[in-house]
>>> print(open('target_18.cif').read())   # mmCIF, C-alpha atoms and all ligand atoms
data_final
#
loop_
_atom_site.group_PDB
_atom_site.id
_atom_site.type_symbol
_atom_site.label_atom_id
_atom_site.label_comp_id
_atom_site.auth_asym_id
_atom_site.auth_seq_id
_atom_site.Cartn_x
_atom_site.Cartn_y
_atom_site.Cartn_z
ATOM 1 C CA MET E 164 53.519 -89.380 -59.576
ATOM 2 C CA GLU E 165 50.941 -89.706 -56.815
ATOM 3 C CA HIS E 166 53.488 -88.479 -54.298
ATOM 4 C CA LYS E 167 54.390 -85.530 -56.499
ATOM 5 C CA ALA E 168 50.730 -84.615 -56.857
ATOM 6 C CA ALA E 169 50.238 -84.897 -53.076
ATOM 7 C CA ALA E 170 53.336 -82.805 -52.371
ATOM 8 C CA PHE E 171 52.277 -80.241 -54.930
ATOM 9 C CA SER E 172 48.784 -80.066 -53.517
ATOM 10 C CA ALA E 173 50.167 -79.707 -49.965
ATOM 11 C CA CYS E 174 52.401 -76.896 -51.145
ATOM 12 C CA THR E 175 49.624 -75.252 -53.094
ATOM 13 C CA ARG E 176 47.439 -75.364 -50.023
ATOM 14 C CA LEU E 177 50.292 -73.852 -48.014
ATOM 15 C CA LEU E 178 50.659 -71.024 -50.496
ATOM 16 C CA LEU E 179 47.001 -70.413 -51.116
ATOM 17 C CA THR E 180 46.441 -69.978 -47.427
ATOM 18 C CA TRP E 181 49.209 -67.399 -47.016
ATOM 19 C CA PHE E 182 47.153 -64.368 -46.180
ATOM 20 C CA ILE E 183 46.664 -61.357 -43.999
ATOM 21 C CA GLY E 184 43.783 -62.087 -41.696
ATOM 22 C CA LEU E 185 42.180 -61.746 -38.344
ATOM 23 C CA LYS E 186 42.983 -64.449 -35.839
ATOM 24 C CA ALA E 187 39.527 -64.398 -34.362
ATOM 25 C CA ALA E 188 39.565 -68.006 -33.196
ATOM 26 C CA GLU E 189 42.777 -67.816 -31.161
ATOM 27 C CA PRO E 190 42.780 -66.091 -27.818
ATOM 28 C CA ARG E 191 45.755 -63.737 -27.406
ATOM 29 C CA ALA E 192 46.970 -65.521 -24.279
ATOM 30 C CA ALA E 193 47.450 -68.791 -26.198
ATOM 31 C CA GLY E 194 50.155 -67.136 -28.284
ATOM 32 C CA GLY E 195 51.856 -65.551 -25.270
ATOM 33 C CA GLY E 196 51.058 -62.131 -26.738
ATOM 34 C CA TRP E 197 53.412 -62.762 -29.662
ATOM 35 C CA SER E 198 50.957 -62.749 -32.529
ATOM 36 C CA SER E 199 48.974 -59.640 -33.311
ATOM 37 C CA ASP E 200 45.681 -59.436 -35.131
ATOM 38 C CA SER E 201 47.399 -58.136 -38.247
ATOM 39 C CA ASP E 202 49.916 -60.963 -38.496
ATOM 40 C CA VAL E 203 50.572 -62.637 -41.783
ATOM 41 C CA ARG E 204 50.227 -66.334 -41.084
ATOM 42 C CA LEU E 205 50.665 -69.516 -42.978
ATOM 43 C CA GLN E 206 47.454 -71.150 -41.920
ATOM 44 C CA ASP E 207 48.010 -74.741 -42.955
ATOM 45 C CA GLY E 208 50.536 -77.007 -41.231
ATOM 46 C CA GLY E 209 50.689 -79.163 -44.417
ATOM 47 C CA LEU E 210 51.960 -82.675 -45.066
ATOM 48 C CA CYS E 211 53.774 -84.654 -42.333
ATOM 49 C CA ASN E 212 55.880 -87.639 -43.417
ATOM 50 C CA ILE E 213 58.037 -87.871 -40.263
ATOM 51 C CA ASP E 214 57.162 -90.299 -37.434
ATOM 52 C CA VAL E 215 55.244 -88.485 -34.683
ATOM 53 C CA LEU E 216 55.183 -90.437 -31.408
ATOM 54 C CA ASP E 217 53.993 -89.964 -27.914
ATOM 55 C CA GLY E 218 57.138 -89.468 -25.815
ATOM 56 C CA SER E 219 55.889 -91.957 -23.233
ATOM 57 C CA SER E 220 55.665 -94.701 -25.872
ATOM 58 C CA LEU E 221 59.380 -94.564 -26.763
ATOM 59 C CA SER E 222 62.060 -95.477 -24.239
ATOM 60 C CA HIS E 223 65.497 -93.860 -24.402
ATOM 61 C CA GLN E 224 66.894 -97.166 -25.649
ATOM 62 C CA GLN E 225 64.286 -97.391 -28.423
ATOM 63 C CA PHE E 226 65.065 -93.794 -29.387
ATOM 64 C CA ILE E 227 68.749 -94.699 -29.695
ATOM 65 C CA GLN E 228 68.054 -97.887 -31.661
ATOM 66 C CA ARG E 229 65.406 -96.572 -34.045
ATOM 67 C CA TYR E 230 66.140 -92.885 -34.598
ATOM 68 C CA ALA E 231 69.234 -91.379 -33.004
ATOM 69 C CA PHE E 232 71.618 -92.304 -35.826
ATOM 70 C CA SER E 233 69.236 -92.856 -38.699
ATOM 71 C CA ARG E 234 66.186 -90.583 -39.082
ATOM 72 C CA PRO E 235 64.261 -87.662 -37.627
ATOM 73 C CA VAL E 236 61.365 -88.152 -35.252
ATOM 74 C CA ILE E 237 58.861 -85.878 -33.515
ATOM 75 C CA LEU E 238 58.069 -86.641 -29.893
ATOM 76 C CA ARG E 239 55.031 -85.307 -28.075
ATOM 77 C CA GLY E 240 54.773 -84.593 -24.376
ATOM 78 C CA LEU E 241 58.394 -85.473 -23.558
ATOM 79 C CA THR E 242 58.776 -82.657 -21.026
ATOM 80 C CA ASP E 243 56.632 -80.121 -19.239
ATOM 81 C CA ASN E 244 57.880 -76.614 -20.017
ATOM 82 C CA THR E 245 54.884 -74.720 -18.619
ATOM 83 C CA ARG E 246 57.071 -72.483 -16.452
ATOM 84 C CA PHE E 247 59.527 -71.686 -19.235
ATOM 85 C CA ARG E 248 56.619 -71.000 -21.572
ATOM 86 C CA SER E 249 55.184 -68.505 -19.162
ATOM 87 C CA SER E 250 58.585 -66.764 -18.883
ATOM 88 C CA CYS E 251 58.674 -66.547 -22.693
ATOM 89 C CA SER E 252 55.437 -64.597 -23.065
ATOM 90 C CA ARG E 253 55.983 -61.275 -24.819
ATOM 91 C CA SER E 254 55.321 -59.199 -21.723
ATOM 92 C CA SER E 255 57.437 -61.334 -19.428
ATOM 93 C CA LEU E 256 60.441 -61.510 -21.773
ATOM 94 C CA LEU E 257 60.380 -57.790 -22.511
ATOM 95 C CA GLU E 258 60.041 -56.910 -18.846
ATOM 96 C CA GLN E 259 62.886 -59.180 -17.752
ATOM 97 C CA TYR E 260 65.202 -59.064 -20.753
ATOM 98 C CA GLY E 261 64.114 -56.113 -22.924
ATOM 99 C CA ASP E 262 67.431 -54.293 -22.420
ATOM 100 C CA ARG E 263 69.627 -57.381 -23.026
ATOM 101 C CA ARG E 264 71.293 -57.611 -26.401
ATOM 102 C CA VAL E 265 70.427 -60.331 -28.844
ATOM 103 C CA ARG E 266 72.656 -61.336 -31.729
ATOM 104 C CA LEU E 267 70.961 -61.461 -35.125
ATOM 105 C CA SER E 268 72.482 -63.407 -38.024
ATOM 106 C CA THR E 269 71.714 -63.105 -41.698
ATOM 107 C CA ALA E 270 69.324 -65.868 -42.700
ATOM 108 C CA ASN E 271 71.432 -67.330 -45.463
ATOM 109 C CA THR E 272 73.091 -70.708 -45.457
ATOM 110 C CA TYR E 273 76.475 -69.389 -44.379
ATOM 111 C CA SER E 274 75.243 -66.619 -41.988
ATOM 112 C CA TYR E 275 78.008 -64.055 -42.517
ATOM 113 C CA ARG E 276 76.698 -60.848 -40.945
ATOM 114 C CA LYS E 277 75.936 -60.461 -37.228
ATOM 115 C CA VAL E 278 74.128 -57.523 -35.641
ATOM 116 C CA ASP E 279 73.616 -56.968 -31.903
ATOM 117 C CA VAL E 280 70.484 -55.109 -30.774
ATOM 118 C CA PRO E 281 68.525 -54.911 -27.506
ATOM 119 C CA LEU E 282 65.649 -57.409 -27.380
ATOM 120 C CA GLN E 283 63.147 -54.537 -27.120
ATOM 121 C CA GLU E 284 64.438 -53.047 -30.373
ATOM 122 C CA TYR E 285 64.428 -56.448 -32.060
ATOM 123 C CA VAL E 286 60.760 -56.943 -31.152
ATOM 124 C CA ASP E 287 59.729 -53.382 -32.051
ATOM 125 C CA VAL E 288 61.681 -53.015 -35.280
ATOM 126 C CA TRP E 289 62.851 -56.318 -36.697
ATOM 127 C CA LEU E 290 60.236 -58.901 -35.718
ATOM 128 C CA ARG E 291 58.137 -58.802 -38.879
ATOM 129 C CA PRO E 292 56.656 -61.171 -41.415
ATOM 130 C CA GLN E 293 59.275 -62.264 -43.960
ATOM 131 C CA SER E 294 58.967 -60.731 -47.431
ATOM 132 C CA ALA E 295 59.184 -63.401 -50.111
ATOM 133 C CA ASP E 296 61.496 -61.391 -52.381
ATOM 134 C CA VAL E 297 64.118 -60.308 -49.812
ATOM 135 C CA LEU E 298 67.452 -62.151 -49.993
ATOM 136 C CA GLY E 299 68.855 -64.129 -47.060
ATOM 137 C CA SER E 300 71.753 -61.669 -46.752
ATOM 138 C CA GLU E 301 69.206 -58.887 -46.119
ATOM 139 C CA THR E 302 67.178 -60.876 -43.577
ATOM 140 C CA LEU E 303 68.229 -60.844 -39.938
ATOM 141 C CA TYR E 304 67.232 -63.788 -37.754
ATOM 142 C CA PHE E 305 67.469 -64.054 -33.971
ATOM 143 C CA PHE E 306 68.791 -67.546 -33.327
ATOM 144 C CA GLY E 307 72.027 -69.471 -32.996
ATOM 145 C CA ASP E 308 74.116 -67.103 -30.889
ATOM 146 C CA THR E 309 72.580 -67.111 -27.441
ATOM 147 C CA ASN E 310 74.822 -65.438 -24.886
ATOM 148 C CA VAL E 311 74.392 -68.101 -22.235
ATOM 149 C CA THR E 312 75.645 -65.874 -19.416
ATOM 150 C CA GLU E 313 73.155 -63.087 -20.047
ATOM 151 C CA TRP E 314 70.292 -65.487 -20.709
ATOM 152 C CA GLN E 315 71.231 -68.096 -18.100
ATOM 153 C CA ARG E 316 68.338 -67.388 -15.752
ATOM 154 C CA LEU E 317 65.834 -67.923 -18.543
ATOM 155 C CA LEU E 318 67.565 -70.935 -20.092
ATOM 156 C CA ASP E 319 67.808 -72.608 -16.679
ATOM 157 C CA GLN E 320 64.020 -72.836 -16.688
ATOM 158 C CA TYR E 321 63.982 -74.888 -19.888
ATOM 159 C CA GLU E 322 63.738 -78.619 -19.521
ATOM 160 C CA SER E 323 65.628 -80.146 -22.452
ATOM 161 C CA PRO E 324 64.498 -83.417 -24.021
ATOM 162 C CA PRO E 325 65.821 -86.158 -21.721
ATOM 163 C CA TYR E 326 67.419 -88.212 -24.526
ATOM 164 C CA LEU E 327 71.125 -87.479 -24.815
ATOM 165 C CA LEU E 328 73.332 -89.379 -27.229
ATOM 166 C CA PRO E 329 76.352 -91.289 -25.895
ATOM 167 C CA HIS E 330 79.382 -89.020 -25.289
ATOM 168 C CA THR E 331 77.521 -85.782 -25.970
ATOM 169 C CA SER E 332 76.471 -82.814 -23.894
ATOM 170 C CA ALA E 333 73.736 -80.302 -24.641
ATOM 171 C CA ALA E 334 74.031 -76.616 -25.649
ATOM 172 C CA LEU E 335 70.959 -74.418 -25.934
ATOM 173 C CA SER E 336 70.125 -71.764 -28.494
ATOM 174 C CA PHE E 337 67.058 -69.563 -28.159
ATOM 175 C CA GLY E 338 65.219 -67.576 -30.844
ATOM 176 C CA ILE E 339 62.209 -65.466 -31.736
ATOM 177 C CA ALA E 340 61.167 -64.861 -35.342
ATOM 178 C CA GLY E 341 58.314 -63.614 -37.487
ATOM 179 C CA PRO E 342 55.948 -65.554 -39.749
ATOM 180 C CA GLY E 343 57.517 -66.683 -43.014
ATOM 181 C CA SER E 344 61.054 -66.406 -41.615
ATOM 182 C CA GLY E 345 63.382 -69.362 -41.165
ATOM 183 C CA VAL E 346 66.845 -70.761 -41.701
ATOM 184 C CA PRO E 347 67.665 -72.103 -45.185
ATOM 185 C CA PHE E 348 69.265 -75.528 -45.743
ATOM 186 C CA HIS E 349 72.368 -76.311 -43.740
ATOM 187 C CA TRP E 350 73.656 -79.174 -41.608
ATOM 188 C CA HIS E 351 75.614 -79.770 -38.404
ATOM 189 C CA GLY E 352 75.566 -82.153 -35.448
ATOM 190 C CA PRO E 353 72.419 -83.758 -34.009
ATOM 191 C CA GLY E 354 69.874 -81.983 -31.850
ATOM 192 C CA PHE E 355 66.327 -81.228 -30.873
ATOM 193 C CA SER E 356 64.088 -78.292 -31.767
ATOM 194 C CA GLU E 357 61.041 -77.164 -29.856
ATOM 195 C CA VAL E 358 58.626 -74.281 -30.362
ATOM 196 C CA ILE E 359 57.415 -72.599 -27.203
ATOM 197 C CA TYR E 360 54.954 -70.350 -29.037
ATOM 198 C CA GLY E 361 53.915 -70.542 -32.684
ATOM 199 C CA ARG E 362 54.469 -73.278 -35.254
ATOM 200 C CA LYS E 363 57.574 -74.184 -37.219
ATOM 201 C CA ARG E 364 57.728 -76.212 -40.423
ATOM 202 C CA TRP E 365 60.775 -78.423 -40.961
ATOM 203 C CA PHE E 366 62.225 -79.772 -44.223
ATOM 204 C CA LEU E 367 64.954 -82.418 -43.976
ATOM 205 C CA TYR E 368 67.168 -84.544 -46.232
ATOM 206 C CA PRO E 369 69.660 -87.279 -45.265
ATOM 207 C CA PRO E 370 73.359 -86.408 -45.379
ATOM 208 C CA ASP E 371 73.925 -88.113 -48.746
ATOM 209 C CA LYS E 372 71.057 -86.251 -50.451
ATOM 210 C CA GLU E 373 72.033 -82.601 -50.703
ATOM 211 C CA PRO E 374 68.939 -80.562 -51.611
ATOM 212 C CA HIS E 375 68.830 -78.063 -54.479
ATOM 213 C CA PHE E 376 68.765 -74.599 -52.970
ATOM 214 C CA HIS E 377 70.308 -71.202 -53.466
ATOM 215 C CA PRO E 378 72.449 -70.362 -50.417
ATOM 216 C CA ASN E 379 71.276 -66.745 -50.380
ATOM 217 C CA ARG E 380 67.552 -67.354 -50.835
ATOM 218 C CA THR E 381 65.265 -67.695 -47.851
ATOM 219 C CA THR E 382 63.340 -70.830 -46.946
ATOM 220 C CA LEU E 383 60.160 -68.990 -47.943
ATOM 221 C CA SER E 384 61.569 -68.470 -51.413
ATOM 222 C CA TRP E 385 62.594 -72.174 -51.600
ATOM 223 C CA VAL E 386 59.081 -73.218 -50.520
ATOM 224 C CA THR E 387 57.378 -71.020 -53.097
ATOM 225 C CA GLU E 388 59.765 -71.367 -56.036
ATOM 226 C CA THR E 389 61.684 -74.649 -55.776
ATOM 227 C CA TYR E 390 59.547 -77.019 -53.740
ATOM 228 C CA PRO E 391 56.564 -77.124 -56.149
ATOM 229 C CA HIS E 392 58.827 -78.313 -58.986
ATOM 230 C CA LEU E 393 60.718 -81.018 -57.094
ATOM 231 C CA PRO E 394 60.712 -84.432 -58.759
ATOM 232 C CA GLU E 395 59.134 -87.143 -56.644
ATOM 233 C CA ASP E 396 62.465 -88.665 -55.643
ATOM 234 C CA GLU E 397 63.725 -85.288 -54.381
ATOM 235 C CA ALA E 398 60.862 -84.634 -51.975
ATOM 236 C CA PRO E 399 61.991 -83.783 -48.439
ATOM 237 C CA LEU E 400 60.935 -85.232 -45.136
ATOM 238 C CA GLU E 401 58.730 -82.516 -43.674
ATOM 239 C CA CYS E 402 56.382 -81.708 -40.833
ATOM 240 C CA THR E 403 55.131 -78.784 -38.746
ATOM 241 C CA ILE E 404 55.845 -78.775 -35.018
ATOM 242 C CA SER E 405 53.667 -77.016 -32.454
ATOM 243 C CA PRO E 406 54.167 -76.344 -28.728
ATOM 244 C CA GLY E 407 54.526 -79.603 -26.798
ATOM 245 C CA GLU E 408 56.309 -81.344 -29.699
ATOM 246 C CA VAL E 409 60.045 -81.786 -30.106
ATOM 247 C CA LEU E 410 61.722 -82.601 -33.422
ATOM 248 C CA TYR E 411 64.944 -84.615 -33.375
ATOM 249 C CA PHE E 412 67.391 -84.295 -36.302
ATOM 250 C CA PRO E 413 70.329 -86.732 -36.576
ATOM 251 C CA ASP E 414 73.942 -85.807 -37.270
ATOM 252 C CA ARG E 415 74.659 -84.067 -40.606
ATOM 253 C CA TRP E 416 71.081 -84.127 -41.833
ATOM 254 C CA TRP E 417 70.298 -81.188 -44.119
ATOM 255 C CA HIS E 418 67.508 -79.067 -42.692
ATOM 256 C CA ALA E 419 65.630 -75.826 -43.314
ATOM 257 C CA THR E 420 62.927 -74.185 -41.208
ATOM 258 C CA LEU E 421 59.911 -71.961 -41.860
ATOM 259 C CA ASN E 422 58.058 -70.249 -39.012
ATOM 260 C CA LEU E 423 54.341 -70.327 -39.770
ATOM 261 C CA ASP E 424 53.555 -67.853 -36.985
ATOM 262 C CA THR E 425 55.535 -65.454 -34.875
ATOM 263 C CA SER E 426 57.473 -68.144 -33.010
ATOM 264 C CA VAL E 427 59.532 -68.442 -29.855
ATOM 265 C CA PHE E 428 61.775 -71.508 -30.078
ATOM 266 C CA ILE E 429 64.750 -73.271 -28.617
ATOM 267 C CA SER E 430 67.164 -75.882 -29.920
ATOM 268 C CA THR E 431 69.222 -78.339 -27.918
ATOM 269 C CA PHE E 432 72.405 -79.107 -29.835
ATOM 270 C CA LEU E 433 74.188 -82.333 -28.920
ATOM 271 C CA GLY E 434 77.944 -82.207 -29.322
HETATM 272 O O1 LIG E 501 64.630 -73.036 -35.395
HETATM 273 C C1 LIG E 501 65.088 -72.561 -36.433
HETATM 274 O O2 LIG E 501 64.457 -71.799 -37.153
HETATM 275 C C2 LIG E 501 66.457 -72.940 -36.874
HETATM 276 C C3 LIG E 501 66.848 -74.225 -36.260
HETATM 277 C C4 LIG E 501 68.054 -74.785 -36.855
HETATM 278 O O3 LIG E 501 68.353 -74.619 -38.009
HETATM 279 C C5 LIG E 501 68.906 -75.583 -36.045
HETATM 280 O O4 LIG E 501 68.532 -75.891 -34.907
HETATM 281 O O5 LIG E 501 69.985 -75.920 -36.517
#
>>> encode(input="target_18.cif", output="structure tokens", more="lines below")
Ligand SMILES: O=C(O)CCC(=O)C(=O)O
Amino acid sequence: MEHKAAAFSACTRLLLTWFIGLKAAEPRAAGGGWSSDSDVRLQDGGLCNIDVLDGSSLSHQQFIQRYAFSRPVILRGLTDNTRFRSSCSRSSLLEQYGDRRVRLSTANTYSYRKVDVPLQEYVDVWLRPQSADVLGSETLYFFGDTNVTEWQRLLDQYESPPYLLPHTSAALSFGIAGPGSGVPFHWHGPGFSEVIYGRKRWFLYPPDKEPHFHPNRTTLSWVTETYPHLPEDEAPLECTISPGEVLYFPDRWWHATLNLDTSVFISTFLG
């Protein structure tokens, strides 16, 4: 009951703080130029019930033994992506890659529709706060289909987390998305997720605990309508990651994401 009350209060705080406001405290440069003063932002990072460790305190072997095949973990300071971060500022990306096409996918669990648009158009037209009542099939999300040839020069600057799993190699996927957007519950192989700008909230369940969700509703709708009514034993693992932190999700774990700010992010899929 206590857990339910805590989860409900965390969610209530998350919702109550959903507002349109001035970001007076945050200098523009800190967000790489991605957030504007009129952004809708989820102000509160909320509950974190996932282990958060300093990368230097966990050896590769300990990562394999304690987490790789059993549970998510968030590692801080594993890599230094200062150069990549600078290349991902709004001005730098638009200058270098504004005319390259990005592939958008509908933000529903089975991502049926794909639309290709130039990055400049995506940023000007599509990169908006998510509306709570819009269905996943009507929401286009830039992530999951990075054309590695076109984006190679940028992706080469990214230093992936150094912890591979045995017999796997890494594939990168890059994305940019507005506040309140995200990918609803789905699962696949293991990997890492990192935000370069912005903050991203993660919700996870083990493979044998399929969450209740509607495949065509957005994560925002799940957070506002389903999450507050979850029984205690159906609460997810959850946490918000910020730049400098990397979340690891094991094989076949259910996961959904919610961008709390306009976010630039990259996943390293291990397969
Ligand atoms: O970063 C996101 O919003 C989506 C990440 C995701 O679902 C994944 O890496 O599989």
>>> closest_atom_pairs(input="target_18.cif", of="chain E", to="ligand LIG 501 (chain E)", cutoff="8 Å", atoms="all atoms listed in the file", output="CSV")
residue,atom,partner,partner_atom,distance
E:Phe306,CA,E:LIG501,C2,6.9
E:Gly307,CA,E:LIG501,C5,7.5
E:Ser336,CA,E:LIG501,O4,7.8
E:Gly338,CA,E:LIG501,O1,7.1
E:Ala340,CA,E:LIG501,O2,7.9
E:Ser344,CA,E:LIG501,O2,7.8
E:Gly345,CA,E:LIG501,O2,4.8
E:Val346,CA,E:LIG501,O2,5.2
E:Pro347,CA,E:LIG501,O3,7.6
E:Phe348,CA,E:LIG501,O3,7.8
E:His349,CA,E:LIG501,O3,7.2
E:Trp350,CA,E:LIG501,O5,7.1
E:His351,CA,E:LIG501,O5,7.1
E:Gly354,CA,E:LIG501,O4,6.9
E:Phe355,CA,E:LIG501,O4,7.0
E:Ser356,CA,E:LIG501,O4,5.9
E:Glu357,CA,E:LIG501,O1,7.8
E:Val358,CA,E:LIG501,O1,7.9
E:Lys363,CA,E:LIG501,O2,7.3
E:His418,CA,E:LIG501,O3,6.5
E:Ala419,CA,E:LIG501,O3,6.1
E:Thr420,CA,E:LIG501,O2,4.9
E:Leu421,CA,E:LIG501,O2,6.5
E:Asn422,CA,E:LIG501,O2,6.8
E:Phe428,CA,E:LIG501,O1,6.2
E:Ile429,CA,E:LIG501,O1,6.8
E:Ser430,CA,E:LIG501,O4,5.2
E:Thr431,CA,E:LIG501,O4,7.4
E:Phe432,CA,E:LIG501,O4,7.1
>>> closest_atom_pairs(input="target_18.cif", of="region 380-417 of chain E", to="region 248-271 of chain E", cutoff="9 Å", atoms="all atoms listed in the file", output="CSV")
residue,atom,partner,partner_atom,distance
E:Arg380,CA,E:Asn271,CA,6.6
E:Thr381,CA,E:Asn271,CA,6.6
E:Thr382,CA,E:Ala270,CA,8.9
>>> residues_around(input="target_18.cif", residues="Trp416 (chain E)", least_positions_apart="5", cutoff="8 Å", atoms="only C-alpha atoms", output="VMD selection string")
chain E and resid 350 to 351 353 367 to 370
>>> closest_residue(input="target_18.cif", among="E:Val280, E:Leu433, E:Ala231, E:Leu423", to="Cys402 (chain E)", atoms="all atoms listed in the file")
E:Leu423
>>> residues_around(input="target_18.cif", residues="Ile237 (chain E)", least_positions_apart="4", cutoff="12 Å", atoms="only C-alpha atoms", output="PyMOL selection string")
chain E and resi 211-218+221+226+230-231+241+324+354-357+364-365+400-413
